[in-house]
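Asker: As input, take run.tsv (TSV, C-alpha atoms and all ligand atoms):
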```
chain	number	residue	atom	x	y	z
Z	58	MET	CA	1.27	-24.56	-7.29
Z	59	LYS	CA	0.21	-22.15	-4.56
Z	60	THR	CA	-3.46	-21.20	-4.33
Z	61	LYS	CA	-4.14	-17.92	-6.04
Z	62	GLN	CA	-4.78	-15.18	-3.48
Z	63	THR	CA	-7.35	-12.49	-3.97
Z	64	ILE	CA	-6.27	-8.94	-3.23
Z	65	ALA	CA	-8.65	-6.00	-2.88
Z	66	VAL	CA	-7.17	-2.58	-3.58
Z	67	ILE	CA	-9.31	0.16	-2.04
Z	68	GLY	CA	-8.45	3.49	-3.62
Z	69	ALA	CA	-7.19	1.79	-6.77
Z	70	ALA	CA	-7.39	4.91	-8.96
Z	71	GLY	CA	-4.98	6.96	-6.83
Z	72	SER	CA	-1.23	7.28	-7.43
Z	73	MET	CA	-0.31	4.42	-5.11
Z	74	GLY	CA	-3.40	2.29	-5.74
Z	75	SER	CA	-2.83	2.27	-9.49
Z	76	ALA	CA	0.94	1.73	-9.16
Z	77	ILE	CA	0.45	-1.21	-6.79
Z	78	SER	CA	-2.32	-2.69	-8.97
Z	79	ARG	CA	-0.16	-2.49	-12.09
Z	80	SER	CA	2.75	-4.16	-10.28
Z	81	LEU	CA	0.74	-6.95	-8.71
Z	82	SER	CA	-1.06	-7.73	-11.98
Z	83	LYS	CA	2.21	-9.46	-13.01
Z	84	GLY	CA	1.84	-11.96	-10.18
Z	85	ASN	CA	-0.37	-14.97	-9.57
Z	86	TYR	CA	-3.09	-12.90	-7.92
Z	87	ARG	CA	-6.74	-12.12	-8.50
Z	88	LEU	CA	-7.09	-8.35	-8.14
Z	89	LEU	CA	-10.31	-6.62	-7.15
Z	90	LEU	CA	-10.05	-2.90	-7.72
Z	91	TYR	CA	-12.27	-0.39	-6.00
Z	92	ALA	CA	-12.25	3.38	-6.60
Z	93	ASN	CA	-14.84	6.01	-5.78
Z	94	GLN	CA	-15.04	6.88	-9.47
Z	95	GLN	CA	-15.65	3.65	-11.33
Z	96	GLU	CA	-14.70	4.96	-14.77
Z	97	LYS	CA	-11.17	5.48	-13.43
Z	98	THR	CA	-10.99	1.81	-12.42
Z	99	ARG	CA	-12.15	0.72	-15.87
Z	100	THR	CA	-9.48	2.92	-17.50
Z	101	LEU	CA	-6.83	1.43	-15.21
Z	102	ILE	CA	-7.93	-2.12	-16.01
Z	103	GLY	CA	-7.75	-1.32	-19.74
Z	104	GLN	CA	-4.17	-0.10	-19.25
Z	105	ILE	CA	-3.22	-3.19	-17.22
Z	106	LYS	CA	-4.74	-5.58	-19.79
Z	107	ALA	CA	-2.96	-3.80	-22.65
Z	108	VAL	CA	0.37	-4.70	-21.03
Z	109	GLN	CA	-0.66	-7.95	-19.30
Z	110	PRO	CA	-3.55	-9.54	-21.26
Z	111	SER	CA	-3.74	-12.53	-18.88
Z	112	ALA	CA	-4.05	-10.34	-15.77
Z	113	ASP	CA	-6.82	-11.52	-13.45
Z	114	VAL	CA	-8.24	-8.14	-12.54
Z	115	GLU	CA	-11.75	-6.82	-12.13
Z	116	ALA	CA	-13.52	-3.65	-11.10
Z	117	MET	CA	-15.68	-3.69	-8.00
Z	118	ASP	CA	-18.45	-1.21	-7.33
Z	119	CYS	CA	-18.45	-1.77	-3.57
Z	120	LYS	CA	-15.48	-1.79	-1.19
Z	121	VAL	CA	-17.36	-3.98	1.30
Z	122	GLN	CA	-17.93	-6.67	-1.37
Z	123	ALA	CA	-14.32	-6.37	-2.55
Z	124	SER	CA	-13.12	-6.86	1.03
Z	125	TRP	CA	-15.50	-9.80	1.51
Z	126	GLU	CA	-14.04	-11.64	-1.49
Z	127	ALA	CA	-10.41	-10.78	-0.68
Z	128	ASP	CA	-7.73	-12.63	1.27
Z	129	ILE	CA	-5.63	-9.48	1.48
Z	130	ILE	CA	-6.92	-5.89	1.56
Z	131	ILE	CA	-4.72	-2.95	0.61
Z	132	LEU	CA	-5.89	0.45	1.85
Z	133	ALA	CA	-4.48	2.84	-0.76
Z	134	VAL	CA	-6.29	5.85	0.66
Z	135	PRO	CA	-5.11	8.91	2.61
Z	136	PHE	CA	-4.58	8.40	6.36
Z	137	GLU	CA	-7.56	10.67	7.03
Z	138	ALA	CA	-9.88	8.30	5.08
Z	139	GLU	CA	-8.75	5.11	6.81
Z	140	LYS	CA	-11.12	5.38	9.77
Z	141	GLU	CA	-14.17	5.66	7.51
Z	142	VAL	CA	-13.03	2.78	5.29
Z	143	ALA	CA	-12.07	0.60	8.27
Z	144	GLU	CA	-15.48	1.05	9.87
Z	145	LYS	CA	-17.17	-0.08	6.64
Z	146	ILE	CA	-15.01	-3.15	6.05
Z	147	ARG	CA	-14.37	-4.22	9.68
Z	148	GLU	CA	-16.48	-7.39	9.59
Z	149	MET	CA	-15.28	-8.40	6.10
Z	150	ALA	CA	-11.65	-7.92	7.15
Z	151	ASN	CA	-11.95	-10.36	10.06
Z	152	GLN	CA	-8.77	-12.52	10.31
Z	153	LYS	CA	-7.49	-11.13	7.00
Z	154	ILE	CA	-4.32	-9.28	6.15
Z	155	VAL	CA	-4.89	-5.54	5.80
Z	156	ILE	CA	-1.97	-3.57	4.38
Z	157	SER	CA	-1.41	-0.04	5.68
Z	158	ILE	CA	0.59	2.02	3.17
Z	159	SER	CA	-0.18	5.46	4.56
Z	160	ASN	CA	2.14	8.18	5.74
Z	161	PRO	CA	0.19	10.43	8.11
Z	162	LEU	CA	1.83	13.67	6.97
Z	163	ASN	CA	0.69	17.07	8.15
Z	164	SER	CA	-0.38	19.67	5.60
Z	165	SER	CA	3.04	21.34	5.47
Z	166	TYR	CA	4.91	18.03	5.05
Z	167	ASP	CA	7.20	18.84	7.97
Z	168	GLY	CA	5.77	16.43	10.51
Z	169	LEU	CA	3.31	13.64	11.17
Z	170	VAL	CA	-0.19	14.11	12.57
Z	171	THR	CA	0.15	10.97	14.71
Z	172	ARG	CA	1.58	11.11	18.25
Z	173	PRO	CA	5.16	9.79	18.70
Z	174	ASP	CA	3.89	6.76	20.67
Z	175	THR	CA	1.80	5.42	17.79
Z	176	SER	CA	1.63	5.20	13.98
Z	177	ALA	CA	-0.96	5.10	11.20
Z	178	ALA	CA	-0.61	1.31	11.09
Z	179	GLU	CA	-1.17	0.90	14.83
Z	180	GLU	CA	-4.18	3.21	14.69
Z	181	LEU	CA	-5.56	1.06	11.86
Z	182	GLN	CA	-4.97	-2.07	13.94
Z	183	LYS	CA	-7.04	-0.51	16.75
Z	184	LEU	CA	-9.85	0.10	14.26
Z	185	LEU	CA	-9.55	-3.47	12.91
Z	186	PRO	CA	-8.73	-5.51	16.04
Z	187	ASN	CA	-9.48	-8.86	14.38
Z	188	SER	CA	-7.38	-8.23	11.28
Z	189	LYS	CA	-3.66	-8.75	10.70
Z	190	VAL	CA	-2.48	-5.24	9.90
Z	191	ILE	CA	0.85	-5.14	8.10
Z	192	LYS	CA	2.77	-1.99	7.20
Z	193	ALA	CA	4.18	-2.12	3.68
Z	194	PHE	CA	4.95	0.08	0.68
Z	195	ASN	CA	4.90	3.33	2.69
Z	196	THR	CA	8.64	3.81	2.08
Z	197	SER	CA	8.26	3.52	-1.71
Z	198	PHE	CA	7.08	6.39	-3.91
Z	199	ALA	CA	4.38	5.64	-6.49
Z	200	ALA	CA	6.86	6.68	-9.18
Z	201	ASN	CA	9.23	3.86	-8.12
Z	202	PHE	CA	6.86	1.03	-8.96
Z	203	SER	CA	7.44	1.09	-12.72
Z	204	THR	CA	11.20	0.69	-12.07
Z	205	PRO	CA	12.00	-0.36	-8.51
Z	206	VAL	CA	15.69	-0.19	-9.43
Z	207	ILE	CA	17.22	3.15	-8.45
Z	208	ASP	CA	20.82	4.12	-9.19
Z	209	GLY	CA	21.36	0.52	-10.30
Z	210	LYS	CA	20.13	-1.00	-7.04
Z	211	GLN	CA	16.88	-2.78	-6.26
Z	212	ALA	CA	15.07	-0.60	-3.73
Z	213	ASP	CA	14.31	-2.05	-0.31
Z	214	ALA	CA	10.69	-2.02	0.87
Z	215	PHE	CA	10.21	-2.31	4.62
Z	216	ILE	CA	7.48	-4.34	6.24
Z	217	ALA	CA	6.25	-4.40	9.84
Z	218	GLY	CA	3.63	-6.48	11.60
Z	219	ASN	CA	2.80	-8.78	14.48
Z	220	ASP	CA	1.90	-11.99	12.61
Z	221	ASP	CA	4.82	-13.98	11.15
Z	222	GLU	CA	2.78	-15.78	8.50
Z	223	ALA	CA	1.18	-12.52	7.37
Z	224	LEU	CA	4.62	-10.87	7.20
Z	225	GLN	CA	5.82	-13.73	4.97
Z	226	THR	CA	2.78	-13.38	2.69
Z	227	VAL	CA	3.31	-9.64	2.35
Z	228	ALA	CA	7.06	-10.08	1.81
Z	229	GLU	CA	6.22	-12.31	-1.19
Z	230	LEU	CA	3.80	-9.70	-2.50
Z	231	VAL	CA	6.40	-6.93	-2.13
Z	232	ALA	CA	8.89	-9.09	-4.05
Z	233	VAL	CA	6.35	-9.64	-6.86
Z	234	ALA	CA	6.09	-5.83	-7.07
Z	235	GLY	CA	9.84	-5.81	-7.73
Z	236	PHE	CA	11.17	-4.53	-4.38
Z	237	ASN	CA	13.53	-6.22	-1.94
Z	238	PRO	CA	11.37	-6.95	1.13
Z	239	VAL	CA	12.95	-6.23	4.52
Z	240	VAL	CA	11.03	-7.10	7.68
Z	241	ALA	CA	11.72	-4.22	10.07
Z	242	GLY	CA	9.97	-5.57	13.15
Z	243	ASP	CA	6.60	-5.77	14.81
Z	244	LEU	CA	3.83	-3.30	14.01
Z	245	SER	CA	5.32	-0.64	16.30
Z	246	ALA	CA	8.27	-0.39	13.87
Z	247	SER	CA	5.76	1.45	11.65
Z	248	ARG	CA	6.52	4.55	13.76
Z	249	ILE	CA	10.06	4.50	12.39
Z	250	LEU	CA	8.99	3.58	8.84
Z	251	GLU	CA	6.48	6.44	8.66
Z	252	ASN	CA	9.13	8.89	9.91
Z	253	MET	CA	11.63	7.51	7.38
Z	254	GLN	CA	9.33	8.47	4.56
Z	255	LEU	CA	8.80	11.91	6.08
Z	256	LEU	CA	12.59	12.33	5.91
Z	257	LEU	CA	12.75	11.09	2.30
Z	258	ILE	CA	9.94	13.44	1.26
Z	259	ARG	CA	11.71	16.38	2.90
Z	260	LEU	CA	15.04	15.47	1.27
Z	261	GLY	CA	13.29	15.00	-2.06
Z	262	MET	CA	11.83	18.51	-1.86
Z	263	LYS	CA	15.16	20.03	-0.74
Z	264	TYR	CA	17.34	18.29	-3.34
Z	265	ASN	CA	14.73	17.83	-6.07
Z	266	TYR	CA	14.83	14.03	-6.32
Z	267	ASN	CA	11.72	14.23	-8.51
Z	268	TRP	CA	10.10	11.38	-6.48
Z	269	LEU	CA	12.63	8.93	-7.96
Z	270	ALA	CA	14.25	8.08	-4.67
Z	271	GLY	CA	14.07	5.13	-2.33
Z	272	TRP	CA	15.79	3.27	0.45
Z	273	LYS	CA	18.60	0.74	0.26
Z	274	ILE	CA	20.34	-0.65	3.32
Z	275	LEU	CA	24.02	-1.20	2.55
Z	276	HIS	CA	25.60	-3.98	4.52
Z	277	ASN	CA	28.24	-6.70	4.39
B	301	LIG	N1	2.12	8.92	-3.51
B	301	LIG	C1	3.13	8.25	-2.98
B	301	LIG	O1	4.23	8.21	-3.58
B	301	LIG	C2	2.99	7.53	-1.68
B	301	LIG	C3	4.08	6.78	-1.20
B	301	LIG	C4	3.93	6.00	-0.05
B	301	LIG	C5	2.73	6.00	0.61
B	301	LIG	N2	1.69	6.77	0.17
B	301	LIG	C6	0.42	6.70	0.89
B	301	LIG	O2	-0.50	6.09	0.01
B	301	LIG	C7	-1.83	6.54	0.30
B	301	LIG	C8	-2.47	7.02	-0.99
B	301	LIG	O3	-1.69	8.12	-1.47
B	301	LIG	P1	-1.74	8.57	-2.99
B	301	LIG	O4	-0.56	9.42	-3.20
B	301	LIG	O5	-1.98	7.40	-3.86
B	301	LIG	O6	-3.03	9.51	-2.95
B	301	LIG	P2	-4.06	9.81	-4.13
B	301	LIG	O7	-3.38	9.78	-5.43
B	301	LIG	O8	-4.75	11.07	-3.71
B	301	LIG	O9	-5.06	8.60	-4.05
B	301	LIG	C9	-5.87	8.38	-2.92
B	301	LIG	C10	-7.06	7.62	-3.37
B	301	LIG	O10	-7.87	7.36	-2.23
B	301	LIG	C11	-9.23	7.48	-2.62
B	301	LIG	N3	-10.06	7.75	-1.45
B	301	LIG	C12	-10.06	8.85	-0.66
B	301	LIG	N4	-10.94	8.69	0.32
B	301	LIG	C13	-11.53	7.48	0.14
B	301	LIG	C14	-12.53	6.74	0.82
B	301	LIG	N5	-13.10	7.24	1.91
B	301	LIG	N6	-12.88	5.52	0.33
B	301	LIG	C15	-12.29	5.00	-0.77
B	301	LIG	N7	-11.33	5.66	-1.46
B	301	LIG	C16	-10.96	6.88	-1.00
B	301	LIG	C17	-9.22	8.62	-3.61
B	301	LIG	O11	-10.34	8.50	-4.45
B	301	LIG	P3	-11.12	9.82	-4.97
B	301	LIG	O12	-10.08	10.72	-5.56
B	301	LIG	O13	-12.09	9.27	-5.96
B	301	LIG	O14	-11.77	10.39	-3.76
B	301	LIG	C18	-7.92	8.40	-4.36
B	301	LIG	O15	-8.09	7.61	-5.52
B	301	LIG	C19	-1.69	7.64	1.35
B	301	LIG	O16	-2.02	7.11	2.60
B	301	LIG	C20	-0.22	8.02	1.29
B	301	LIG	O17	0.28	8.47	2.52
B	301	LIG	C21	1.79	7.53	-0.96
```
As structure tokens, how would this structure be written, given the file I've shared?
Ligand SMILES: NC(=O)c1ccc[n+]([C@@H]2O[C@H](COP(=O)([O-])OP(=O)(O)OC[C@H]3O[C@@H](n4cnc5c(N)ncnc54)[C@H](OP(=O)(O)O)[C@@H]3O)[C@@H](O)[C@H]2O)c1
Answerer:
Amino acid sequence: MKTKQTIAVIGAAGSMGSAISRSLSKGNYRLLLYANQQEKTRTLIGQIKAVQPSADVEAMDCKVQASWEADIIILAVPFEAEKEVAEKIREMANQKIVISISNPLNSSYDGLVTRPDTSAAEELQKLLPNSKVIKAFNTSFAANFSTPVIDGKQADAFIAGNDDEALQTVAELVAVAGFNPVVAGDLSASRILENMQLLLIRLGMKYNYNWLAGWKILHN
């Protein structure tokens, strides 16, 4: 049996952090959950244990400690908070997988704040040069995690990164969460993935998808 990996979720009480934590609690992982407000983490853990009594999940009161103990670190925080978090965990994240889920949307949701020649994931990689940054989950809405099957089809979840082994590890994690993992390319493919979610958000607002929308590549 594969060694159990430890995953730190920073921002675990948010929409995405809690959705990802709930999903991954079904897998063979040890989850370390960090949120600014600790009572929210305890409430989340109570909800997870009610559904999954054997879940290996614990609350952490320090994101640096959580990152130290983790093999994989998921930053479930807004793009604007990533720099501050990255600076705190940089040493602890050395050689580890750090998952970037963010979509760097502007305040009117009609564009990205990043320049066209970069992405949130690539900016995070610059902040964490000794980590293996992988883009994942940014093309899935938090509301999709409870049922990653939309219109009868298992939603795709795109992944991008520069390290093949790390991509494989994250693909397995995405599959545990119930999505069909699709490796889109190296980390620069995050530019496309972040723009894809901008499009889906805009379509969702125009056609009232109610956040229950996702991506599926149709092919023969
Ligand atoms: N919502 C979606 O469907 C969706 C889909 C794909 C990707 N994303 C991406 O996922 C990320 C999180 O989005 P969300 O919708 O989950 O937002 P959210 O519900 O507002 O949650 C963000 C969480 O980040 C925490 N946080 C903020 N600054 C922090 C810091 N400096 N250190 C530690 N924690 C911090 C917040 O904690 P406090 O409230 O206690 O400050 C909050 O719990 C964003 O980058 C977003 O682009 C979201």
Asker: I need the residue nearest Val206 (chain Z) from this list: Z:Gly271, Z:Lys120, Z:Gln94, Z:Lys153. Use all atoms listed in the file for the distance.
Answerer: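 Among the listed residues, Z:Gly271 lies closest to Val206 (chain Z).
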Asker: Report the distance between CA of Phe236 (chain Z) and CA of Gln152 (chain Z) in Å, rounded to one decimal place.
Answerer: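 These two atoms are separated by 26.0 Å.
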Asker: May I have the residues within 10 Å of Glu137 (chain Z) as JSON, numbers by chain, using all atoms listed in the file and disregarding those fewer than 5 positions away in the same chain?
Answerer: {"Z": [142, 159, 161, 162, 170, 177]}
Asker: Neighbours of ligand LIG 301 (chain B) within 10 Å, counting only C-alpha atoms and all ligand atoms, as number ranges by chain?
Answerer: Z: 66-77, 91-95, 97-98, 119-120, 131-143, 145, 157-162, 177, 193-202, 251, 254-255, 258, 268-269
Asker: Residues as selected, C-alpha atoms, written as a compact mmCIF listing (two decimals), in the frame of the given file, can you do that?
Answerer:
```txt
# COMPACT_ATOMS: atom_id res chain seq x y z
CA VAL Z 66 -7.17 -2.58 -3.58
CA ILE Z 67 -9.31 0.16 -2.04
CA GLY Z 68 -8.45 3.49 -3.62
CA ALA Z 69 -7.19 1.79 -6.77
CA ALA Z 70 -7.39 4.91 -8.96
CA GLY Z 71 -4.98 6.96 -6.83
CA SER Z 72 -1.23 7.28 -7.43
CA MET Z 73 -0.31 4.42 -5.11
CA GLY Z 74 -3.40 2.29 -5.74
CA SER Z 75 -2.83 2.27 -9.49
CA ALA Z 76 0.94 1.73 -9.16
CA ILE Z 77 0.45 -1.21 -6.79
CA TYR Z 91 -12.27 -0.39 -6.00
CA ALA Z 92 -12.25 3.38 -6.60
CA ASN Z 93 -14.84 6.01 -5.78
CA GLN Z 94 -15.04 6.88 -9.47
CA GLN Z 95 -15.65 3.65 -11.33
CA LYS Z 97 -11.17 5.48 -13.43
CA THR Z 98 -10.99 1.81 -12.42
CA CYS Z 119 -18.45 -1.77 -3.57
CA LYS Z 120 -15.48 -1.79 -1.19
CA ILE Z 131 -4.72 -2.95 0.61
CA LEU Z 132 -5.89 0.45 1.85
CA ALA Z 133 -4.48 2.84 -0.76
CA VAL Z 134 -6.29 5.85 0.66
CA PRO Z 135 -5.11 8.91 2.61
CA PHE Z 136 -4.58 8.40 6.36
CA GLU Z 137 -7.56 10.67 7.03
CA ALA Z 138 -9.88 8.30 5.08
CA GLU Z 139 -8.75 5.11 6.81
CA LYS Z 140 -11.12 5.38 9.77
CA GLU Z 141 -14.17 5.66 7.51
CA VAL Z 142 -13.03 2.78 5.29
CA ALA Z 143 -12.07 0.60 8.27
CA LYS Z 145 -17.17 -0.08 6.64
CA SER Z 157 -1.41 -0.04 5.68
CA ILE Z 158 0.59 2.02 3.17
CA SER Z 159 -0.18 5.46 4.56
CA ASN Z 160 2.14 8.18 5.74
CA PRO Z 161 0.19 10.43 8.11
CA LEU Z 162 1.83 13.67 6.97
CA ALA Z 177 -0.96 5.10 11.20
CA ALA Z 193 4.18 -2.12 3.68
CA PHE Z 194 4.95 0.08 0.68
CA ASN Z 195 4.90 3.33 2.69
CA THR Z 196 8.64 3.81 2.08
CA SER Z 197 8.26 3.52 -1.71
CA PHE Z 198 7.08 6.39 -3.91
CA ALA Z 199 4.38 5.64 -6.49
CA ALA Z 200 6.86 6.68 -9.18
CA ASN Z 201 9.23 3.86 -8.12
CA PHE Z 202 6.86 1.03 -8.96
CA GLU Z 251 6.48 6.44 8.66
CA GLN Z 254 9.33 8.47 4.56
CA LEU Z 255 8.80 11.91 6.08
CA ILE Z 258 9.94 13.44 1.26
CA TRP Z 268 10.10 11.38 -6.48
CA LEU Z 269 12.63 8.93 -7.96
```
Asker: For Lys61 (chain Z), which residue out of Z:Lys210, Z:Lys273, Z:Arg79, Z:Arg87 is the nearest one, using all atoms listed in the file?
Answerer: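 Smallest separation from Lys61 (chain Z) among the options: Z:Arg87.
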Asker: For CA of Asn187 (chain Z) and CA of Asp221 (chain Z), determine how far apart the two atoms are, in Å to one decimal place.
Answerer: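 Those two atoms sit 15.5 Å apart.
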Asker: How many Å separate CA of Glu148 (chain Z) from CA of Leu184 (chain Z)?
Answerer: 11.0 Å
Asker: Using all atoms listed in the file, which residues sit within 8 Å of Ser245 (chain Z) once same-chain residues fewer than 6 positions away are excluded, as a list in words?
Answerer: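 Those residues are Thr175, Ser176, Glu179, Ala217 and Gly218 of chain Z.
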Asker: So that I can check the surroundings of Val108 (chain Z), please list as a ChimeraX atom specification every protein, DNA and RNA residue that reaches within 10 Å of it, counting only C-alpha atoms and ignoring chain neighbours fewer than 4 positions away.
Answerer: /Z:79,82-83,103-104,112
Asker: Can you tell me, as a PyMOL selection string, what residues are no more than 7 Å from region 228-234 of chain Z when counting all atoms listed in the file, ignoring any on the same chain fewer than 2 positions away?
Answerer: chain Z and resi 80-81+84+224-226+236-238
Asker: Excluding same-chain residues fewer than 6 positions from Glu126 (chain Z), what lies within 12 Å of it counting only C-alpha atoms, as number ranges by chain?
Answerer: Z: 62-66, 87-90, 115, 117, 119-120, 146, 149-151, 153
Asker: Which one of Z:Val227, Z:Leu244, Z:Ala212, Z:Leu260 sits closest to Lys183 (chain Z) if you count all atoms listed in the file?
Answerer: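 Ranked by minimum distance to Lys183 (chain Z), first place goes to Z:Leu244.
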Asker: Rank nothing, just name the residue among Z:Lys192, Z:His276, Z:Lys106, Z:Lys59 nearest to Gly242 (chain Z), using all atoms listed in the file.
Answerer: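 So, comparing all the options, the nearest one is Z:Lys192.
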Asker: I need the residue nearest Gly209 (chain Z) from this list: Z:Ile129, Z:Ala270, Z:Ala178, Z:Ala123. Use all atoms listed in the file for the distance.
Answerer: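 For Gly209 (chain Z), the nearest of the given residues is Z:Ala270.
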Asker: With only C-alpha atoms as the atoms that count, which of Z:Ser203, Z:Ser78, Z:Asn265, Z:Thr60 lies nearest to Leu101 (chain Z)?
Answerer: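 Checking each of Z:Ser203, Z:Ser78, Z:Asn265, Z:Thr60 against Leu101 (chain Z), counting only C-alpha atoms, the winner is Z:Ser78.
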